[in-house]
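Q: Hey, dropping start36.txt in here, compact mmCIF, C-alpha atoms (C1' of nucleotides):
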```txt
# COMPACT_ATOMS: atom_id res chain seq x y z
CA MET A 1 0.00 0.00 0.00
CA THR A 2 2.90 2.30 0.67
CA SER A 3 4.27 1.65 -2.80
CA ILE A 4 1.14 2.78 -4.63
CA ALA A 5 0.40 5.78 -2.40
CA PRO A 6 0.95 9.23 -3.90
CA THR A 7 4.39 10.71 -3.42
CA ALA A 8 3.24 13.34 -0.93
CA ASP A 9 2.05 10.61 1.42
CA ARG A 10 5.06 8.42 0.90
CA ILE A 11 7.28 11.36 1.82
CA LEU A 12 5.43 11.68 5.12
CA ASP A 13 5.68 7.92 5.70
CA ILE A 14 9.44 8.02 5.42
CA ALA A 15 9.77 11.24 7.39
CA GLU A 16 7.66 9.78 10.17
CA GLY A 17 9.90 6.76 10.51
CA LEU A 18 13.01 8.92 10.47
CA VAL A 19 11.72 11.25 13.17
CA GLN A 20 10.70 8.30 15.32
CA THR A 21 14.12 6.71 15.15
CA ARG A 22 16.45 9.70 14.85
CA GLY A 23 14.57 12.88 15.77
CA TYR A 24 13.87 16.15 14.02
CA GLU A 25 17.44 17.42 13.76
CA ALA A 26 18.91 14.15 12.53
CA PHE A 27 16.84 13.58 9.40
CA SER A 28 17.28 15.38 6.11
CA TYR A 29 15.68 15.85 2.72
CA ALA A 30 18.51 13.74 1.33
CA ASP A 31 17.51 10.82 3.58
CA ILE A 32 13.94 10.91 2.29
CA ALA A 33 15.07 11.33 -1.31
CA ASP A 34 17.34 8.29 -1.06
CA ALA A 35 14.61 6.16 0.49
CA LEU A 36 12.14 7.02 -2.28
CA SER A 37 14.68 7.11 -5.13
CA ILE A 38 13.70 10.65 -6.11
CA ARG A 39 15.61 13.95 -5.90
CA LYS A 40 15.61 16.42 -3.04
CA ALA A 41 14.04 19.09 -5.22
CA SER A 42 10.96 16.92 -5.75
CA ILE A 43 10.35 16.88 -2.02
CA HIS A 44 10.52 20.66 -1.95
CA TYR A 45 7.81 20.67 -4.61
CA HIS A 46 5.44 18.86 -2.22
CA TYR A 47 6.62 20.51 1.00
CA PRO A 48 8.41 23.80 0.48
CA SER A 49 10.28 23.66 3.79
CA LYS A 50 11.28 21.17 6.43
CA ALA A 51 9.10 23.02 8.92
CA GLU A 52 6.03 22.61 6.71
CA LEU A 53 6.81 18.96 5.98
CA THR A 54 7.14 18.20 9.67
CA ARG A 55 3.98 20.10 10.55
CA ALA A 56 2.01 18.17 7.92
CA MET A 57 3.44 14.89 9.16
CA ALA A 58 2.59 15.69 12.77
CA ALA A 59 -0.95 16.75 11.87
CA ARG A 60 -1.54 13.58 9.87
CA TYR A 61 -0.29 11.41 12.72
CA ARG A 62 -2.48 13.23 15.20
CA VAL A 63 -5.60 12.69 13.10
CA ALA A 64 -4.75 9.04 12.47
CA PHE A 65 -4.15 8.43 16.17
CA ALA A 66 -7.45 10.06 17.10
CA GLY A 67 -9.14 7.82 14.55
CA ARG A 68 -7.64 4.70 16.05
CA LEU A 69 -8.75 5.73 19.52
CA ALA A 70 -12.27 6.34 18.26
CA GLN A 71 -12.21 2.86 16.77
CA VAL A 72 -11.07 1.39 20.07
CA GLU A 73 -13.95 3.13 21.83
CA ALA A 74 -16.43 1.82 19.27
CA GLU A 75 -15.13 -1.71 19.58
CA PHE A 76 -14.62 -2.05 23.31
CA PRO A 77 -16.99 -0.59 25.88
CA ASP A 78 -15.05 -1.49 29.01
CA PRO A 79 -12.37 0.94 30.28
CA THR A 80 -9.83 -1.71 31.17
CA ARG A 81 -9.72 -3.10 27.68
CA ARG A 82 -9.67 0.37 26.19
CA LEU A 83 -6.63 1.19 28.27
CA MET A 84 -4.89 -2.01 27.21
CA CYS A 85 -5.47 -1.18 23.55
CA TYR A 86 -4.12 2.31 24.12
CA ILE A 87 -0.93 0.98 25.61
CA ARG A 88 -0.51 -1.55 22.87
CA GLN A 89 -0.38 1.30 20.33
CA PHE A 90 2.81 2.49 21.96
CA GLN A 91 4.28 -0.91 22.49
CA ASP A 92 3.80 -1.89 18.84
CA ALA A 93 5.67 1.21 17.71
CA LEU A 94 8.53 0.36 20.03
CA ARG A 95 8.69 -3.24 18.94
CA GLU A 96 8.98 -2.36 15.26
CA GLY A 97 12.62 -1.49 15.45
CA ASP A 98 13.58 1.24 17.86
CA HIS A 99 10.64 3.45 17.00
CA MET A 100 9.75 5.94 19.69
CA CYS A 101 6.29 7.48 19.92
CA LEU A 102 6.40 10.22 17.27
CA TYR A 103 5.24 12.91 19.64
CA GLY A 104 7.53 11.82 22.44
CA MET A 105 10.39 12.27 20.01
CA LEU A 106 9.17 15.65 18.83
CA ALA A 107 8.69 16.76 22.43
CA SER A 108 12.34 16.03 23.14
CA ASP A 109 13.25 18.25 20.17
CA ALA A 110 11.00 21.04 21.46
CA GLY A 111 13.97 23.36 21.87
CA THR A 112 14.69 23.52 18.14
CA LEU A 113 11.27 22.81 16.67
CA PRO A 114 9.50 25.29 14.39
CA GLU A 115 6.75 27.02 16.32
CA ALA A 116 3.93 25.50 14.24
CA VAL A 117 5.15 21.99 15.04
CA ARG A 118 5.54 22.72 18.72
CA THR A 119 1.94 23.88 18.84
CA GLU A 120 0.87 20.62 17.23
CA VAL A 121 2.86 18.64 19.79
CA ASN A 122 1.19 20.32 22.72
CA GLY A 123 -2.19 19.82 21.11
CA PHE A 124 -1.49 16.13 20.71
CA PHE A 125 -0.56 15.71 24.35
CA ALA A 126 -3.71 17.57 25.33
CA ASP A 127 -5.72 15.13 23.17
CA GLN A 128 -4.09 12.16 24.83
CA GLU A 129 -4.65 13.38 28.34
CA ALA A 130 -8.28 14.22 27.59
CA TRP A 131 -8.92 10.76 26.14
CA LEU A 132 -7.20 9.01 29.03
CA ALA A 133 -9.02 11.18 31.57
CA ARG A 134 -12.37 10.10 30.09
CA VAL A 135 -11.42 6.44 30.19
CA LEU A 136 -10.17 6.74 33.74
CA ALA A 137 -13.26 8.62 34.94
CA ASP A 138 -15.48 6.06 33.29
CA GLY A 139 -13.48 3.22 34.81
CA ARG A 140 -13.72 4.69 38.28
CA ALA A 141 -17.48 5.17 37.93
CA ARG A 142 -17.79 1.48 37.05
CA GLU A 143 -15.46 0.56 39.90
CA GLU A 144 -12.96 -1.03 37.53
CA PHE A 145 -10.31 1.52 38.46
CA ARG A 146 -9.29 3.05 41.75
CA PHE A 147 -7.25 6.21 42.02
CA ASP A 148 -7.10 9.41 44.04
CA GLY A 149 -7.79 12.92 42.83
CA ARG A 150 -9.03 14.22 39.53
CA PRO A 151 -9.05 12.00 36.44
CA ASP A 152 -7.06 14.53 34.42
CA ALA A 153 -4.27 14.51 36.98
CA ALA A 154 -4.18 10.73 36.93
CA ALA A 155 -4.20 10.82 33.12
CA ALA A 156 -1.24 13.22 33.05
CA ALA A 157 0.75 10.93 35.34
CA LEU A 158 -0.13 7.89 33.27
CA LEU A 159 0.88 9.53 30.01
CA ALA A 160 4.14 10.74 31.53
CA GLY A 161 4.89 7.24 32.77
CA LEU A 162 4.31 5.73 29.34
CA GLU A 163 6.39 8.32 27.51
CA GLY A 164 9.21 8.04 30.01
CA ALA A 165 9.14 4.26 29.87
CA MET A 166 9.45 4.37 26.08
CA LEU A 167 12.39 6.75 26.35
CA VAL A 168 14.30 4.50 28.73
CA ALA A 169 13.29 1.27 27.01
CA ARG A 170 14.37 2.46 23.58
CA SER A 171 17.73 3.63 24.86
CA ARG A 172 18.26 0.18 26.35
CA ARG A 173 16.81 -1.57 23.32
CA ASP A 174 14.61 -3.44 25.75
CA VAL A 175 10.91 -3.62 24.93
CA ALA A 176 10.32 -5.76 28.00
CA HIS A 177 11.24 -2.79 30.18
CA PHE A 178 8.41 -0.77 28.68
CA ALA A 179 5.98 -3.65 29.05
CA ALA A 180 6.92 -4.08 32.70
CA VAL A 181 6.42 -0.42 33.55
CA ALA A 182 3.18 -0.22 31.55
CA SER A 183 1.63 -3.23 33.26
CA ARG A 184 2.65 -1.81 36.62
CA LEU A 185 0.91 1.46 35.79
CA VAL A 186 -2.26 -0.37 34.82
CA GLY A 187 -1.96 -2.60 37.87
CA SER A 188 -1.84 0.36 40.21
CA LEU A 189 -5.16 1.53 38.74
CA THR A 190 -6.96 -1.80 38.84
CA SER A 191 -5.91 -2.85 42.33
CA GLY A 192 -4.27 -0.09 44.35
CA GLY A 193 -5.53 3.33 45.43
CA MET K 194 33.40 30.07 39.56
CA THR K 195 32.63 29.20 35.98
CA SER K 196 34.68 32.12 34.76
CA ILE K 197 37.88 30.99 36.49
CA ALA K 198 37.50 27.29 35.71
CA PRO K 199 39.95 25.77 33.23
CA THR K 200 38.86 25.80 29.59
CA ALA K 201 38.31 22.05 29.42
CA ASP K 202 35.68 22.31 32.14
CA ARG K 203 34.07 25.41 30.75
CA ILE K 204 33.67 23.63 27.43
CA LEU K 205 31.77 20.86 29.18
CA ASP K 206 29.66 23.41 31.07
CA ILE K 207 28.51 25.00 27.83
CA ALA K 208 28.06 21.68 26.06
CA GLU K 209 25.95 20.41 28.93
CA GLY K 210 23.59 23.34 28.71
CA LEU K 211 23.33 23.01 24.95
CA VAL K 212 22.54 19.31 25.09
CA GLN K 213 19.93 19.89 27.79
CA THR K 214 18.13 22.54 25.76
CA ARG K 215 18.73 21.42 22.19
CA GLY K 216 19.97 17.83 22.15
CA TYR K 217 23.02 16.09 20.77
CA GLU K 218 22.41 16.72 17.06
CA ALA K 219 21.54 20.38 17.46
CA PHE K 220 24.70 21.68 19.10
CA SER K 221 27.99 22.32 17.38
CA TYR K 222 31.60 23.17 18.10
CA ALA K 223 30.83 26.61 16.72
CA ASP K 224 28.14 27.16 19.37
CA ILE K 225 30.59 26.37 22.17
CA ALA K 226 33.34 28.45 20.57
CA ASP K 227 31.04 31.47 20.35
CA ALA K 228 29.88 31.11 23.93
CA LEU K 229 33.48 31.01 25.24
CA SER K 230 34.92 33.49 22.73
CA ILE K 231 37.54 31.03 21.55
CA ARG K 232 38.02 29.26 18.19
CA LYS K 233 36.66 25.86 17.22
CA ALA K 234 40.16 24.44 16.88
CA SER K 235 40.84 25.10 20.56
CA ILE K 236 37.95 22.85 21.48
CA HIS K 237 39.38 20.08 19.31
CA TYR K 238 42.61 20.46 21.26
CA HIS K 239 40.81 19.57 24.49
CA TYR K 240 38.35 17.06 23.02
CA PRO K 241 39.45 15.57 19.69
CA SER K 242 35.94 14.63 18.58
CA LYS K 243 32.34 15.45 19.36
CA ALA K 244 31.83 11.87 20.49
CA GLU K 245 34.66 12.15 23.01
CA LEU K 246 33.49 15.55 24.23
CA THR K 247 29.99 14.25 24.80
CA ARG K 248 31.22 11.12 26.52
CA ALA K 249 33.37 13.19 28.88
CA MET K 250 30.45 15.51 29.60
CA ALA K 251 28.11 12.60 30.30
CA ALA K 252 30.62 10.89 32.58
CA ARG K 253 31.23 14.09 34.54
CA TYR K 254 27.49 14.62 35.00
CA ARG K 255 27.01 11.06 36.15
CA VAL K 256 29.71 11.35 38.77
CA ALA K 257 28.40 14.72 39.96
CA PHE K 258 24.88 13.39 40.22
CA ALA K 259 26.02 10.36 42.20
CA GLY K 260 27.87 12.72 44.51
CA ARG K 261 24.79 14.80 45.14
CA LEU K 262 22.75 11.69 45.90
CA ALA K 263 25.38 10.52 48.36
CA GLN K 264 25.19 13.92 50.01
CA VAL K 265 21.41 13.67 50.25
CA GLU K 266 21.75 10.27 51.92
CA ALA K 267 24.29 11.63 54.38
CA GLU K 268 22.11 14.59 55.24
CA PHE K 269 18.66 13.01 55.44
CA PRO K 270 18.04 9.58 56.91
CA ASP K 271 14.34 9.32 56.14
CA PRO K 272 13.26 7.92 52.75
CA THR K 273 10.46 10.42 52.18
CA ARG K 274 12.78 13.38 52.43
CA ARG K 275 15.41 11.64 50.33
CA LEU K 276 12.85 11.15 47.62
CA MET K 277 11.76 14.79 47.75
CA CYS K 278 15.38 15.91 47.36
CA TYR K 279 15.80 13.57 44.43
CA ILE K 280 12.81 15.04 42.65
CA ARG K 281 13.91 18.57 43.35
CA GLN K 282 17.12 17.89 41.41
CA PHE K 283 15.03 17.41 38.29
CA GLN K 284 12.67 20.24 38.99
CA ASP K 285 15.49 22.73 39.48
CA ALA K 286 16.97 21.83 36.11
CA LEU K 287 13.61 22.33 34.45
CA ARG K 288 13.00 25.65 36.13
CA GLU K 289 16.30 27.12 34.98
CA GLY K 290 15.11 27.85 31.49
CA ASP K 291 13.84 24.89 29.49
CA HIS K 292 16.58 22.55 30.65
CA MET K 293 15.69 18.91 30.38
CA CYS K 294 17.42 16.26 32.46
CA LEU K 295 20.70 15.72 30.57
CA TYR K 296 20.25 11.98 30.39
CA GLY K 297 16.62 12.17 29.36
CA MET K 298 17.75 14.30 26.46
CA LEU K 299 20.56 11.96 25.53
CA ALA K 300 18.20 8.99 25.73
CA SER K 301 15.94 10.61 23.17
CA ASP K 302 18.96 10.96 20.88
CA ALA K 303 19.88 7.30 21.41
CA GLY K 304 19.34 6.54 17.73
CA THR K 305 22.22 8.75 16.61
CA LEU K 306 24.47 8.70 19.67
CA PRO K 307 28.04 7.40 19.54
CA GLU K 308 28.19 3.98 21.13
CA ALA K 309 30.35 5.10 24.05
CA VAL K 310 27.81 7.75 25.01
CA ARG K 311 24.89 5.37 24.72
CA THR K 312 26.62 3.00 27.12
CA GLU K 313 27.05 5.85 29.57
CA VAL K 314 23.36 6.72 29.30
CA ASN K 315 22.23 3.21 30.12
CA GLY K 316 24.65 3.11 33.02
CA PHE K 317 23.22 6.32 34.37
CA PHE K 318 19.67 5.02 34.26
CA ALA K 319 20.81 1.85 35.99
CA ASP K 320 22.39 4.02 38.72
CA GLN K 321 19.18 5.96 39.16
CA GLU K 322 16.98 2.91 39.38
CA ALA K 323 19.31 1.25 41.84
CA TRP K 324 19.36 4.33 44.09
CA LEU K 325 15.60 4.74 43.95
CA ALA K 326 15.07 1.04 44.59
CA ARG K 327 17.13 1.27 47.77
CA VAL K 328 15.20 4.30 48.99
CA LEU K 329 11.88 2.64 48.20
CA ALA K 330 12.83 -0.63 49.88
CA ASP K 331 14.01 1.26 52.95
CA GLY K 332 10.83 3.32 52.98
CA ARG K 333 8.63 0.26 52.81
CA ALA K 334 10.55 -1.41 55.62
CA ARG K 335 9.91 1.66 57.78
CA GLU K 336 6.29 1.74 56.69
CA GLU K 337 6.66 5.20 55.18
CA PHE K 338 5.91 3.88 51.70
CA ARG K 339 3.39 1.39 50.41
CA PHE K 340 3.67 -0.29 47.01
CA ASP K 341 3.24 -3.68 45.38
CA GLY K 342 5.93 -5.86 43.92
CA ARG K 343 9.68 -5.53 43.88
CA PRO K 344 11.37 -2.25 44.73
CA ASP K 345 13.31 -2.20 41.47
CA ALA K 346 10.11 -2.46 39.46
CA ALA K 347 8.58 0.41 41.42
CA ALA K 348 11.79 2.39 40.94
CA ALA K 349 11.69 1.86 37.16
CA ALA K 350 8.11 3.10 37.01
CA LEU K 351 8.92 6.12 39.15
CA LEU K 352 11.93 7.09 37.04
CA ALA K 353 9.90 6.68 33.85
CA GLY K 354 7.17 8.89 35.27
CA LEU K 355 9.63 11.62 36.17
CA GLU K 356 11.43 11.55 32.81
CA GLY K 357 8.16 11.54 30.91
CA ALA K 358 6.77 14.37 33.01
CA MET K 359 9.85 16.46 32.24
CA LEU K 360 9.46 15.76 28.55
CA VAL K 361 5.85 16.90 28.45
CA ALA K 362 6.36 19.81 30.84
CA ARG K 363 9.29 21.22 28.89
CA SER K 364 7.43 21.03 25.62
CA ARG K 365 4.59 22.97 27.23
CA ARG K 366 6.98 25.31 29.02
CA ASP K 367 5.02 24.49 32.15
CA VAL K 368 7.02 23.58 35.23
CA ALA K 369 3.82 23.25 37.24
CA HIS K 370 2.86 20.25 35.12
CA PHE K 371 6.01 18.44 36.20
CA ALA K 372 5.46 19.37 39.83
CA ALA K 373 1.89 18.08 39.71
CA VAL K 374 2.85 14.72 38.24
CA ALA K 375 5.82 14.36 40.58
CA SER K 376 3.78 15.02 43.71
CA ARG K 377 1.16 12.56 42.50
CA LEU K 378 3.84 9.90 42.06
CA VAL K 379 5.12 10.49 45.59
CA GLY K 380 1.56 10.60 46.88
CA SER K 381 0.77 7.18 45.48
CA LEU K 382 3.73 5.79 47.43
CA THR K 383 2.99 7.46 50.74
CA SER K 384 -0.73 6.75 50.85
CA GLY K 385 -1.89 4.24 48.24
CA GLY K 386 -0.93 0.62 47.64
C1' DA J 387 -2.46 19.61 -32.39
C1' DC J 388 -1.82 22.82 -28.90
C1' DT J 389 -1.98 24.32 -24.16
C1' DG J 390 -1.83 24.05 -19.21
C1' DC J 391 -0.34 21.85 -15.42
C1' DG J 392 1.20 18.32 -12.12
C1' DC J 393 5.38 16.32 -11.19
C1' DC J 394 10.10 15.46 -11.35
C1' DC J 395 14.54 16.57 -12.96
C1' DT J 396 19.69 18.75 -13.24
C1' DA J 397 22.44 22.07 -11.50
C1' DC J 398 23.40 25.22 -8.39
C1' DC J 399 23.64 28.38 -4.02
C1' DT J 400 24.95 29.73 0.64
C1' DA J 401 25.59 28.31 5.23
C1' DC J 402 27.25 25.25 8.31
C1' DC J 403 29.26 20.91 9.93
C1' DA J 404 33.32 18.13 12.25
C1' DG J 405 37.85 17.83 11.82
C1' DT J 406 43.08 18.99 10.37
C1' DA J 407 47.65 21.43 9.51
C1' DG J 408 50.68 24.29 10.99
C1' DA J 409 52.11 28.85 12.86
C1' DT J 410 52.11 31.71 17.11
C1' DT J 411 52.00 33.09 21.90
C1' DG J 412 53.59 33.04 26.54
C1' DG J 413 55.05 31.22 30.86
C1' DG J 414 58.33 28.03 33.48
C1' DC J 415 62.92 26.08 33.66
C1' DC J 416 67.89 25.36 32.84
C1' DG W 417 69.44 33.63 26.19
C1' DG W 418 67.57 29.19 24.65
C1' DC W 419 64.36 25.54 25.20
C1' DC W 420 60.03 23.19 26.04
C1' DC W 421 55.31 22.68 26.11
C1' DA W 422 50.52 23.83 26.84
C1' DA W 423 47.16 26.36 24.65
C1' DT W 424 45.46 29.05 21.29
C1' DC W 425 45.23 30.89 16.82
C1' DT W 426 44.40 31.36 11.32
C1' DA W 427 43.26 29.02 7.40
C1' DC W 428 41.65 25.26 5.30
C1' DT W 429 39.32 20.51 3.77
C1' DG W 430 35.54 17.52 2.28
C1' DG W 431 31.04 16.84 3.13
C1' DT W 432 26.23 17.88 4.02
C1' DA W 433 22.47 20.90 5.30
C1' DG W 434 18.02 23.33 3.51
C1' DG W 435 16.57 25.73 -0.28
C1' DT W 436 16.19 27.76 -5.31
C1' DA W 437 16.06 28.41 -10.57
C1' DG W 438 14.64 26.76 -14.49
C1' DG W 439 13.89 23.11 -17.87
C1' DG W 440 11.45 18.86 -19.54
C1' DC W 441 8.15 15.09 -19.73
C1' DG W 442 3.52 13.24 -20.05
C1' DC W 443 -1.27 13.57 -19.65
C1' DA W 444 -5.66 16.10 -19.33
C1' DG W 445 -9.04 19.15 -21.75
C1' DT W 446 -10.12 21.70 -25.76
```
Give the structure from the file, written as structure tokens.

A:
Amino acid sequence: MTSIAPTADRILDIAEGLVQTRGYEAFSYADIADALSIRKASIHYHYPSKAELTRAMAARYRVAFAGRLAQVEAEFPDPTRRLMCYIRQFQDALREGDHMCLYGMLASDAGTLPEAVRTEVNGFFADQEAWLARVLADGRAREEFRFDGRPDAAAAALLAGLEGAMLVARSRRDVAHFAAVASRLVGSLTSGG
Amino acid sequence: MTSIAPTADRILDIAEGLVQTRGYEAFSYADIADALSIRKASIHYHYPSKAELTRAMAARYRVAFAGRLAQVEAEFPDPTRRLMCYIRQFQDALREGDHMCLYGMLASDAGTLPEAVRTEVNGFFADQEAWLARVLADGRAREEFRFDGRPDAAAAALLAGLEGAMLVARSRRDVAHFAAVASRLVGSLTSGG
DNA sequence: ACTGCGCCCTACCTACCAGTAGATTGGGCC
DNA sequence: GGCCCAATCTACTGGTAGGTAGGGCGCAGT
């Protein structure tokens, strides 16, 4: 499917993978051109600047991720299973060869990111925390989850734990480390206070 | 004190700040040279390559951090206070102008890091988890902390939460976000299961 | 058949990168 | 004075970065 997609999309596919493995500063137009066997100038035709390319890529990812979460909600009504599906999204990325969560990677490059991309990053995190907060609130109402304080605070802590676990796990090349931390985070919701 | 330090140390001081704010790929010999009003070639005299410079910087930071933790242990016997001091280390870095934990930043650059530096990064995280695990185990023995499972697993989750919280907080330029997540993590140890 | 346009190309630009060669400076020591 | 040596300098290399100018190819509509 990648091979028959229009060039503009294939450019974003490659860029996405490069950002996830190397980060914003460490990928170049030349890298994408090589991967697609086209010239650098052709990429500039589709995306006039690196800033615009990255913004488009981030926006596409954000929409796609929101779509997948909506699908999870449609498919599974119970909060525990929803949460497991959510976590698996991250874990799958990590398993497929040193890929970090795209937005976790972009967040770490926040210091050098074009402003438009940084805005997108913060919007994405806000999306994630809002989604998680709803799942957590729902789960507590059904007495599947137990936690103190406001759902949005618990969601922020959960998201931070997952992002941090990916960071450490990827550096160690150890997916099991992420899985261990993730299951502990879920465990503390389903049993502890 | 910085101004009278030998050049080799001042180079590492500047490099450290640059890595914390921009990352490994986004700082250059020219940046350091400008900051110290010397020429690039002088930096190569002290550190023949960027890889070696970064390794030296990482090693120095690791030793310094271990020293500070030892000092905390000497000063405060109770686990709760030790943990608060630990967290304040991170928070102070964040407060001083968009600085991320040095090792969190390096971990996010793991995909492009020289091998020697990557080894140092994983060693640092191992140090951190070991220290935290000891504090947690001690705290549980004294019934100051409550948590399930092995201390090292709880330590890994705690470290991941702190690193992830820094990542998100820095992207948002919102120190309060880190503080909120951090206090929630401590709270779940001191009250919950 | 001609035109317009989407798409990709070659060729080039300027700026910057890490790293090197070799001269120069200046203080301590004999 | 003459020497050494640490430390810094100027000047440069080969390579790569993002970005630009302008030409050509092929397919649509007319």

Q: Contacts from chain J to chain A, 12 Å maximum, only C-alpha atoms (C1' of nucleotides): show me the residue list as a count of residues only.

A: 7

Q: Within 8 Å of Met57 in chain A, counting only C-alpha atoms (C1' of nucleotides), which residues qualify if same-chain residues fewer than 6 places away don't, as a PyMOL selection string?

A: chain A and resi 12+15-16

Q: Let's have the selection written as a CSV table (one decimal), in the coordinates of the input, with C-alpha atoms.

A:
```csv
chain,number,residue,atom,x,y,z
A,12,LEU,CA,5.4,11.7,5.1
A,15,ALA,CA,9.8,11.2,7.4
A,16,GLU,CA,7.7,9.8,10.2
```

Q: Would you please work out which residue, of K:Leu211, K:Leu287, K:Ala358, K:Val379, is nearest to chain A when using only C-alpha atoms?

A: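 Selected residue with least distance to chain A: K:Ala358.
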
Q: For range 420-434 of chain W, work out the shell of residues within 8 Å, counting only C-alpha atoms (C1' of nucleotides) and skipping chain neighbours fewer than 3 positions away, then give it as a ChimeraX atom specification.

A: /A:28-29,49-50 /K:232,235 /J:402-403,406,410-411

Q: Rounded to one decimal place, report the CA of Ile32 in chain A-CA of Ile11 in chain A distance in Å.

A: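 Distance reported for this atom pair: 6.7 Å.
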
Q: To one decimal place in Å, what is the distance between CA of Arg215 in chain K and CA of Ser108 in chain A?

A: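 CA of Ser108 in chain A lies at a distance of 8.4 Å from CA of Arg215 in chain K.
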
Q: For range 313-332 of chain K, which lacks atoms in the input, supply N, CA and C atoms and format the output as a PDB file, keeping the file's coordinate frame.

A:
```
ATOM      1  N   GLU K 313      27.089   4.979  28.394  1.00  0.00           N
ATOM      2  CA  GLU K 313      27.050   5.850  29.570  1.00  0.00           C
ATOM      3  C   GLU K 313      25.607   6.141  29.984  1.00  0.00           C
ATOM      4  N   VAL K 314      24.759   6.407  29.020  1.00  0.00           N
ATOM      5  CA  VAL K 314      23.360   6.720  29.300  1.00  0.00           C
ATOM      6  C   VAL K 314      22.677   5.561  30.009  1.00  0.00           C
ATOM      7  N   ASN K 315      22.872   4.363  29.494  1.00  0.00           N
ATOM      8  CA  ASN K 315      22.230   3.210  30.120  1.00  0.00           C
ATOM      9  C   ASN K 315      22.779   2.960  31.520  1.00  0.00           C
ATOM     10  N   GLY K 316      24.061   3.220  31.691  1.00  0.00           N
ATOM     11  CA  GLY K 316      24.650   3.110  33.020  1.00  0.00           C
ATOM     12  C   GLY K 316      24.048   4.094  33.992  1.00  0.00           C
ATOM     13  N   PHE K 317      23.823   5.295  33.523  1.00  0.00           N
ATOM     14  CA  PHE K 317      23.220   6.320  34.370  1.00  0.00           C
ATOM     15  C   PHE K 317      21.823   5.899  34.826  1.00  0.00           C
ATOM     16  N   PHE K 318      21.025   5.447  33.888  1.00  0.00           N
ATOM     17  CA  PHE K 318      19.670   5.020  34.260  1.00  0.00           C
ATOM     18  C   PHE K 318      19.719   3.861  35.245  1.00  0.00           C
ATOM     19  N   ALA K 319      20.658   2.961  35.056  1.00  0.00           N
ATOM     20  CA  ALA K 319      20.810   1.850  35.990  1.00  0.00           C
ATOM     21  C   ALA K 319      21.151   2.379  37.389  1.00  0.00           C
ATOM     22  N   ASP K 320      22.058   3.375  37.448  1.00  0.00           N
ATOM     23  CA  ASP K 320      22.390   4.020  38.720  1.00  0.00           C
ATOM     24  C   ASP K 320      21.138   4.556  39.403  1.00  0.00           C
ATOM     25  N   GLN K 321      20.372   5.302  38.612  1.00  0.00           N
ATOM     26  CA  GLN K 321      19.180   5.960  39.160  1.00  0.00           C
ATOM     27  C   GLN K 321      18.194   4.954  39.716  1.00  0.00           C
ATOM     28  N   GLU K 322      17.960   3.907  38.934  1.00  0.00           N
ATOM     29  CA  GLU K 322      16.980   2.910  39.380  1.00  0.00           C
ATOM     30  C   GLU K 322      17.463   2.188  40.624  1.00  0.00           C
ATOM     31  N   ALA K 323      18.766   1.938  40.663  1.00  0.00           N
ATOM     32  CA  ALA K 323      19.310   1.250  41.840  1.00  0.00           C
ATOM     33  C   ALA K 323      19.164   2.126  43.093  1.00  0.00           C
ATOM     34  N   TRP K 324      19.467   3.411  42.941  1.00  0.00           N
ATOM     35  CA  TRP K 324      19.360   4.330  44.090  1.00  0.00           C
ATOM     36  C   TRP K 324      17.915   4.414  44.566  1.00  0.00           C
ATOM     37  N   LEU K 325      17.025   4.625  43.605  1.00  0.00           N
ATOM     38  CA  LEU K 325      15.600   4.740  43.950  1.00  0.00           C
ATOM     39  C   LEU K 325      15.092   3.447  44.587  1.00  0.00           C
ATOM     40  N   ALA K 326      15.532   2.319  44.053  1.00  0.00           N
ATOM     41  CA  ALA K 326      15.070   1.040  44.590  1.00  0.00           C
ATOM     42  C   ALA K 326      15.469   0.893  46.054  1.00  0.00           C
ATOM     43  N   ARG K 327      16.678   1.343  46.375  1.00  0.00           N
ATOM     44  CA  ARG K 327      17.130   1.270  47.770  1.00  0.00           C
ATOM     45  C   ARG K 327      16.275   2.157  48.669  1.00  0.00           C
ATOM     46  N   VAL K 328      16.014   3.373  48.186  1.00  0.00           N
ATOM     47  CA  VAL K 328      15.200   4.300  48.990  1.00  0.00           C
ATOM     48  C   VAL K 328      13.792   3.740  49.181  1.00  0.00           C
ATOM     49  N   LEU K 329      13.247   3.175  48.114  1.00  0.00           N
ATOM     50  CA  LEU K 329      11.880   2.640  48.200  1.00  0.00           C
ATOM     51  C   LEU K 329      11.826   1.441  49.150  1.00  0.00           C
ATOM     52  N   ALA K 330      12.811   0.558  49.014  1.00  0.00           N
ATOM     53  CA  ALA K 330      12.830  -0.630  49.880  1.00  0.00           C
ATOM     54  C   ALA K 330      12.943  -0.215  51.347  1.00  0.00           C
ATOM     55  N   ASP K 331      13.826   0.744  51.594  1.00  0.00           N
ATOM     56  CA  ASP K 331      14.010   1.260  52.950  1.00  0.00           C
ATOM     57  C   ASP K 331      12.708   1.876  53.464  1.00  0.00           C
ATOM     58  N   GLY K 332      12.073   2.649  52.599  1.00  0.00           N
ATOM     59  CA  GLY K 332      10.830   3.320  52.980  1.00  0.00           C
ATOM     60  C   GLY K 332       9.713   2.334  53.289  1.00  0.00           C
TER      61      GLY K 332
END
```
